[in-house]
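Here's the structure, in structure tokens; my notes come after.
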Amino acid sequence: MSRIESLIERLGFADSRIDFGRRVLIRRGRAVSGRVGIRSVLVCSMLLVVALVVAVISLGTGDFDVPPLKVVETILGGGTPADHLAIVEWRMPRVLAALGVGAALGASGALFQSLTRNPLGSPDIIGFNVGAYTGALVVMVVSGAGYAWAAAGSVVGGLLTALAVYLLAYRRGVQGFRLIIVGIALTAMLQSVNTWLIYRTDLGDSMLAAAWGAGTLNGVKWPLAVPLLVALAVLAVPTIVVARRMHILDLGDDAAQALGLRTERVRLAMIVVGVALSAVAVALAGPIAFVALAAPQLASRLARTAGVSVVPAAAMGALLLVLSDFIAQNAFAPTQLPVGVVTVSIGGVYLVWLLAVQARRQ
């Protein structure tokens with residue numbers, strides 16, 4: 001028996017091969033049971049390792065360069081006071097925010113793409129991110145309140161937009177294609193409202209709102225990053241619970257109902273959790289495009305799964321955003337671009353590749 005097989009047995013897993021030739025780990029127990037593909041575990045581990053490597057490089061890059069080994073030493077409690085100030089106080093909140101926002105957008109995109117059964121069914125296409133931006137703009141421009149109230153307005157705006165899309169798309173249940181069409185129409189209307197809100201305010205506030213609307217992590221410090229990380233930690237629990245039922249829903253309504261799943265309740269829960277994840281991300285960094293769209297599909301292709309999965313999508317989203325933010329900071333240094341500009345460029349390349357793949361298949 002190999003060391004890996006011995007470790008699997010001690011952890012209570014059974015290594016099995018199912019009929020389509022993919023190796024999976026199965027855990028059966030009173031408290032916790034489940035099944036996970038070995039390739040998915042390896043892909044998630046690889047993505048997280050690469051994301052952490054990019055994060056360490058990003059922490060050490062800037063006006064005050066620090067070698068990667070010194071960065072790790074400083075994070076572990078060593079280093080000089082200057083290293084601690086540059087890495088922990090100045091750069092770490094931004095890097096952690098990039099990882100957290102990317103993971104939230106990736107997980108949210110996986111939930112909505114599974115719900116709509118369409119690779120275009122991400123929250124930035126359906127309009128939830130735009131709705132969250134509208135909520136924040138209303139608070140910022142109309143009332144002139146601070147960041148905390150703008151973040152609350154973002155969450156409320158995202159949830160109200162999701163409620164409107166859900167009610168308009170509901171016809172004896174929610175169908176994915178109708179949800180996307182209604183979402184695209186509502187997105188166009190909300191973008192008009194956002195433009196009007198920006199035009200009716202003074203120049204300083206409108207420039208600030210427009211820069212935030214492009215999606216940016218510039219200026220993120222600990223007072224902004226900590227609430228985000230706490231909110232994501234709280235949302236991780238319902239996300240995992242909903243993700244387990246999401247895979248049962250992928251079997252189809254008839255099969256899911258035969259297994260005792262209340263399909264409409266699960267769909268509503270997926271919408272609420274997905275909107276909450278994207279609204280929290282928008283509250284911190286603005287509506288960053290294409291991460292929620294591309295991360296689930298890229299992760300699914302790497303893991304070779306039949307559908308999208310939440311955990312690989314979150315890991316891919318974290319990698320995409322921390323890499324995009326590193327490019328945004330250093331491509332035209334000392335000028336820093338909004339990270340949304342970089343993700344739009346990457347998203348354009350992704351869409352061209354996706355269209356080429358679809359054309360070759362046809």
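Going by the structure tokens order, chains are called A, B, ..., each with residues numbered from 1, while ligands are numbered from 1 in the order shown.
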Please provide the set of residues having any atom within 10 Å of Ala132 of chain A, restricted to only C-alpha atoms, with same-chain residues fewer than 6 positions apart removed, written as a list in words.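 Result of the neighbour search: Ala150, Ala151, Ala152, Gly153, Ser154, Val155, Val156, Gly157, Gly158, Leu159, Leu160, Thr161, Ala162, Leu190, Val275, Ala276, Ser278, Ala279, Val280, Ala281, Val282, Ala283, Gly286 and Pro287 of chain A.
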What lies within 12 Å of Arg301 of chain A using only C-alpha atoms, ignoring chain neighbours under 6 positions off, as a PDB file with N, CA and C atoms, in the first residue's frame?
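Dumped everything to result.pdb:
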ATOM      1  N   ARG A  39      -8.713  14.945  -9.349  1.00  0.00           N
ATOM      2  CA  ARG A  39      -8.185  15.973 -10.252  1.00  0.00           C
ATOM      3  C   ARG A  39      -8.632  17.370  -9.819  1.00  0.00           C
ATOM      4  N   SER A  40      -9.877  17.495  -9.313  1.00  0.00           N
ATOM      5  CA  SER A  40     -10.345  18.804  -8.837  1.00  0.00           C
ATOM      6  C   SER A  40      -9.517  19.281  -7.653  1.00  0.00           C
ATOM      7  N   VAL A  43      -6.181  20.440  -9.013  1.00  0.00           N
ATOM      8  CA  VAL A  43      -6.304  21.725  -9.725  1.00  0.00           C
ATOM      9  C   VAL A  43      -6.467  22.872  -8.735  1.00  0.00           C
ATOM     10  N   ALA A 294     -15.378  34.333 -16.546  1.00  0.00           N
ATOM     11  CA  ALA A 294     -14.342  33.440 -17.066  1.00  0.00           C
ATOM     12  C   ALA A 294     -13.889  32.391 -16.057  1.00  0.00           C
ATOM     13  N   ALA A 295     -13.831  32.722 -14.769  1.00  0.00           N
ATOM     14  CA  ALA A 295     -13.235  31.815 -13.784  1.00  0.00           C
ATOM     15  C   ALA A 295     -13.917  30.446 -13.733  1.00  0.00           C
ATOM     16  N   GLY A 307     -19.717  19.948 -15.182  1.00  0.00           N
ATOM     17  CA  GLY A 307     -20.284  21.280 -15.014  1.00  0.00           C
ATOM     18  C   GLY A 307     -19.352  22.143 -14.196  1.00  0.00           C
ATOM     19  N   VAL A 308     -19.809  23.347 -13.868  1.00  0.00           N
ATOM     20  CA  VAL A 308     -18.981  24.245 -13.064  1.00  0.00           C
ATOM     21  C   VAL A 308     -19.084  23.862 -11.590  1.00  0.00           C
ATOM     22  N   SER A 309     -18.017  24.119 -10.845  1.00  0.00           N
ATOM     23  CA  SER A 309     -17.970  23.843  -9.409  1.00  0.00           C
ATOM     24  C   SER A 309     -17.527  25.110  -8.687  1.00  0.00           C
ATOM     25  N   PRO A 312     -13.311  25.206  -7.228  1.00  0.00           N
ATOM     26  CA  PRO A 312     -12.312  25.525  -8.276  1.00  0.00           C
ATOM     27  C   PRO A 312     -12.526  26.898  -8.890  1.00  0.00           C
ATOM     28  N   ALA A 313     -13.801  27.307  -9.073  1.00  0.00           N
ATOM     29  CA  ALA A 313     -14.066  28.633  -9.636  1.00  0.00           C
ATOM     30  C   ALA A 313     -13.572  29.733  -8.701  1.00  0.00           C
ATOM     31  N   MET A 316      -9.781  29.860  -9.017  1.00  0.00           N
ATOM     32  CA  MET A 316      -9.389  30.503 -10.287  1.00  0.00           C
ATOM     33  C   MET A 316      -9.658  32.004 -10.238  1.00  0.00           C
ATOM     34  N   LEU A 354     -13.202  31.679 -26.603  1.00  0.00           N
ATOM     35  CA  LEU A 354     -14.419  30.889 -26.450  1.00  0.00           C
ATOM     36  C   LEU A 354     -15.181  30.808 -27.769  1.00  0.00           C
TER      37      LEU A 354
END
Would you please extract all alpha helix (DSSP H) residues from segment 112-229 of chain A, as assigned by DSSP on the backbone, and give them as a PDB file with C-alpha atoms, in the first residue's frame?
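Written output follows (result-v6.pdb):
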ATOM      1  CA  PHE A 112     -25.249  31.695 -11.572  1.00  0.00           C
ATOM      2  CA  GLN A 113     -23.791  29.727 -14.490  1.00  0.00           C
ATOM      3  CA  SER A 114     -25.063  26.531 -12.897  1.00  0.00           C
ATOM      4  CA  LEU A 115     -28.437  28.167 -12.218  1.00  0.00           C
ATOM      5  CA  THR A 116     -28.852  29.394 -15.805  1.00  0.00           C
ATOM      6  CA  PRO A 123     -23.666  38.260 -12.323  1.00  0.00           C
ATOM      7  CA  ASP A 124     -21.968  40.970 -14.394  1.00  0.00           C
ATOM      8  CA  ILE A 125     -23.924  39.911 -17.497  1.00  0.00           C
ATOM      9  CA  ILE A 126     -27.263  39.395 -15.704  1.00  0.00           C
ATOM     10  CA  PHE A 128     -26.480  42.112 -10.374  1.00  0.00           C
ATOM     11  CA  ASN A 129     -23.090  43.839 -10.268  1.00  0.00           C
ATOM     12  CA  VAL A 130     -24.547  46.867 -12.052  1.00  0.00           C
ATOM     13  CA  GLY A 131     -27.439  46.886  -9.569  1.00  0.00           C
ATOM     14  CA  ALA A 132     -24.990  46.816  -6.682  1.00  0.00           C
ATOM     15  CA  TYR A 133     -23.120  49.736  -8.295  1.00  0.00           C
ATOM     16  CA  THR A 134     -26.410  51.627  -8.643  1.00  0.00           C
ATOM     17  CA  GLY A 135     -27.151  51.119  -4.939  1.00  0.00           C
ATOM     18  CA  ALA A 136     -23.743  52.453  -3.970  1.00  0.00           C
ATOM     19  CA  LEU A 137     -24.060  55.409  -6.369  1.00  0.00           C
ATOM     20  CA  TYR A 147     -17.919  54.357   2.485  1.00  0.00           C
ATOM     21  CA  ALA A 148     -19.716  52.200   5.056  1.00  0.00           C
ATOM     22  CA  TRP A 149     -23.127  53.401   3.887  1.00  0.00           C
ATOM     23  CA  ALA A 150     -22.067  53.057   0.252  1.00  0.00           C
ATOM     24  CA  ALA A 151     -21.125  49.426   0.917  1.00  0.00           C
ATOM     25  CA  ALA A 152     -24.506  48.840   2.531  1.00  0.00           C
ATOM     26  CA  GLY A 153     -26.165  50.514  -0.458  1.00  0.00           C
ATOM     27  CA  SER A 154     -24.235  48.184  -2.766  1.00  0.00           C
ATOM     28  CA  VAL A 155     -25.550  45.092  -0.994  1.00  0.00           C
ATOM     29  CA  VAL A 156     -29.126  46.433  -0.951  1.00  0.00           C
ATOM     30  CA  GLY A 157     -28.891  47.448  -4.631  1.00  0.00           C
ATOM     31  CA  GLY A 158     -27.652  44.002  -5.636  1.00  0.00           C
ATOM     32  CA  LEU A 159     -30.396  42.227  -3.694  1.00  0.00           C
ATOM     33  CA  LEU A 160     -33.153  44.514  -5.067  1.00  0.00           C
ATOM     34  CA  THR A 161     -31.883  43.968  -8.610  1.00  0.00           C
ATOM     35  CA  ALA A 162     -31.867  40.207  -8.054  1.00  0.00           C
ATOM     36  CA  LEU A 163     -35.413  40.371  -6.702  1.00  0.00           C
ATOM     37  CA  ALA A 164     -36.580  42.369  -9.737  1.00  0.00           C
ATOM     38  CA  VAL A 165     -34.896  39.978 -12.187  1.00  0.00           C
ATOM     39  CA  TYR A 166     -36.298  36.948 -10.346  1.00  0.00           C
ATOM     40  CA  LEU A 167     -39.869  38.279 -10.322  1.00  0.00           C
ATOM     41  CA  LEU A 168     -39.756  39.420 -13.969  1.00  0.00           C
ATOM     42  CA  ALA A 169     -38.282  36.090 -15.090  1.00  0.00           C
ATOM     43  CA  GLY A 176     -32.004  30.147 -17.250  1.00  0.00           C
ATOM     44  CA  PHE A 177     -32.415  31.724 -20.694  1.00  0.00           C
ATOM     45  CA  ARG A 178     -35.273  33.968 -19.547  1.00  0.00           C
ATOM     46  CA  LEU A 179     -33.252  35.011 -16.503  1.00  0.00           C
ATOM     47  CA  ILE A 180     -30.350  36.083 -18.741  1.00  0.00           C
ATOM     48  CA  ILE A 181     -32.567  38.041 -21.154  1.00  0.00           C
ATOM     49  CA  VAL A 182     -34.377  39.862 -18.338  1.00  0.00           C
ATOM     50  CA  GLY A 183     -31.039  40.545 -16.644  1.00  0.00           C
ATOM     51  CA  ILE A 184     -29.492  42.020 -19.796  1.00  0.00           C
ATOM     52  CA  ALA A 185     -32.502  44.314 -20.272  1.00  0.00           C
ATOM     53  CA  LEU A 186     -32.392  45.461 -16.658  1.00  0.00           C
ATOM     54  CA  THR A 187     -28.620  45.998 -16.949  1.00  0.00           C
ATOM     55  CA  ALA A 188     -29.147  48.453 -19.828  1.00  0.00           C
ATOM     56  CA  MET A 189     -31.727  50.375 -17.803  1.00  0.00           C
ATOM     57  CA  LEU A 190     -29.521  50.525 -14.701  1.00  0.00           C
ATOM     58  CA  GLN A 191     -26.508  51.696 -16.712  1.00  0.00           C
ATOM     59  CA  SER A 192     -28.599  54.625 -17.937  1.00  0.00           C
ATOM     60  CA  VAL A 193     -29.561  55.423 -14.354  1.00  0.00           C
ATOM     61  CA  ASN A 194     -25.894  55.228 -13.287  1.00  0.00           C
ATOM     62  CA  THR A 195     -24.853  57.629 -16.068  1.00  0.00           C
ATOM     63  CA  TRP A 196     -27.566  60.078 -15.049  1.00  0.00           C
ATOM     64  CA  LEU A 197     -26.528  59.888 -11.385  1.00  0.00           C
ATOM     65  CA  ILE A 198     -22.889  60.630 -12.287  1.00  0.00           C
ATOM     66  CA  TYR A 199     -23.838  63.572 -14.536  1.00  0.00           C
ATOM     67  CA  LEU A 203     -17.019  67.095 -10.934  1.00  0.00           C
ATOM     68  CA  GLY A 204     -15.026  65.691  -8.004  1.00  0.00           C
ATOM     69  CA  ASP A 205     -17.667  63.202  -6.926  1.00  0.00           C
ATOM     70  CA  SER A 206     -18.426  62.178 -10.502  1.00  0.00           C
ATOM     71  CA  MET A 207     -14.726  61.469 -11.203  1.00  0.00           C
ATOM     72  CA  LEU A 208     -14.500  59.421  -8.007  1.00  0.00           C
ATOM     73  CA  ALA A 209     -17.652  57.495  -8.866  1.00  0.00           C
ATOM     74  CA  ALA A 210     -16.507  56.873 -12.448  1.00  0.00           C
ATOM     75  CA  ALA A 211     -13.084  55.598 -11.298  1.00  0.00           C
ATOM     76  CA  TRP A 212     -14.730  53.300  -8.747  1.00  0.00           C
ATOM     77  CA  GLY A 213     -17.175  52.151 -11.427  1.00  0.00           C
ATOM     78  CA  TRP A 222      -6.994  47.488   6.527  1.00  0.00           C
ATOM     79  CA  PRO A 223     -10.209  49.355   7.564  1.00  0.00           C
ATOM     80  CA  LEU A 224     -11.675  48.440   4.151  1.00  0.00           C
ATOM     81  CA  ALA A 225     -10.167  44.962   3.769  1.00  0.00           C
ATOM     82  CA  VAL A 226     -11.115  43.571   7.196  1.00  0.00           C
ATOM     83  CA  PRO A 227     -14.925  43.928   6.792  1.00  0.00           C
ATOM     84  CA  LEU A 228     -14.649  42.267   3.373  1.00  0.00           C
ATOM     85  CA  LEU A 229     -12.738  39.287   4.738  1.00  0.00           C
TER      86      LEU A 229
END
Using atom CA of Ile240 of chain A and atom CA of Gly347 of chain A as the two end points, give the distance in Å to one decimal.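 About the pair atom CA of Ile240 of chain A and atom CA of Gly347 of chain A: they are 26.7 Å apart.
Across the structure, atom CA of Leu85 of chain A and atom CA of Leu319 of chain A are spaced 24.9 Å apart.
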Go ahead and compute the interatomic distance for atom CA of Ala51 of chain A and atom CA of Trp353 of chain A, in Å to one decimal. 22.8 Å
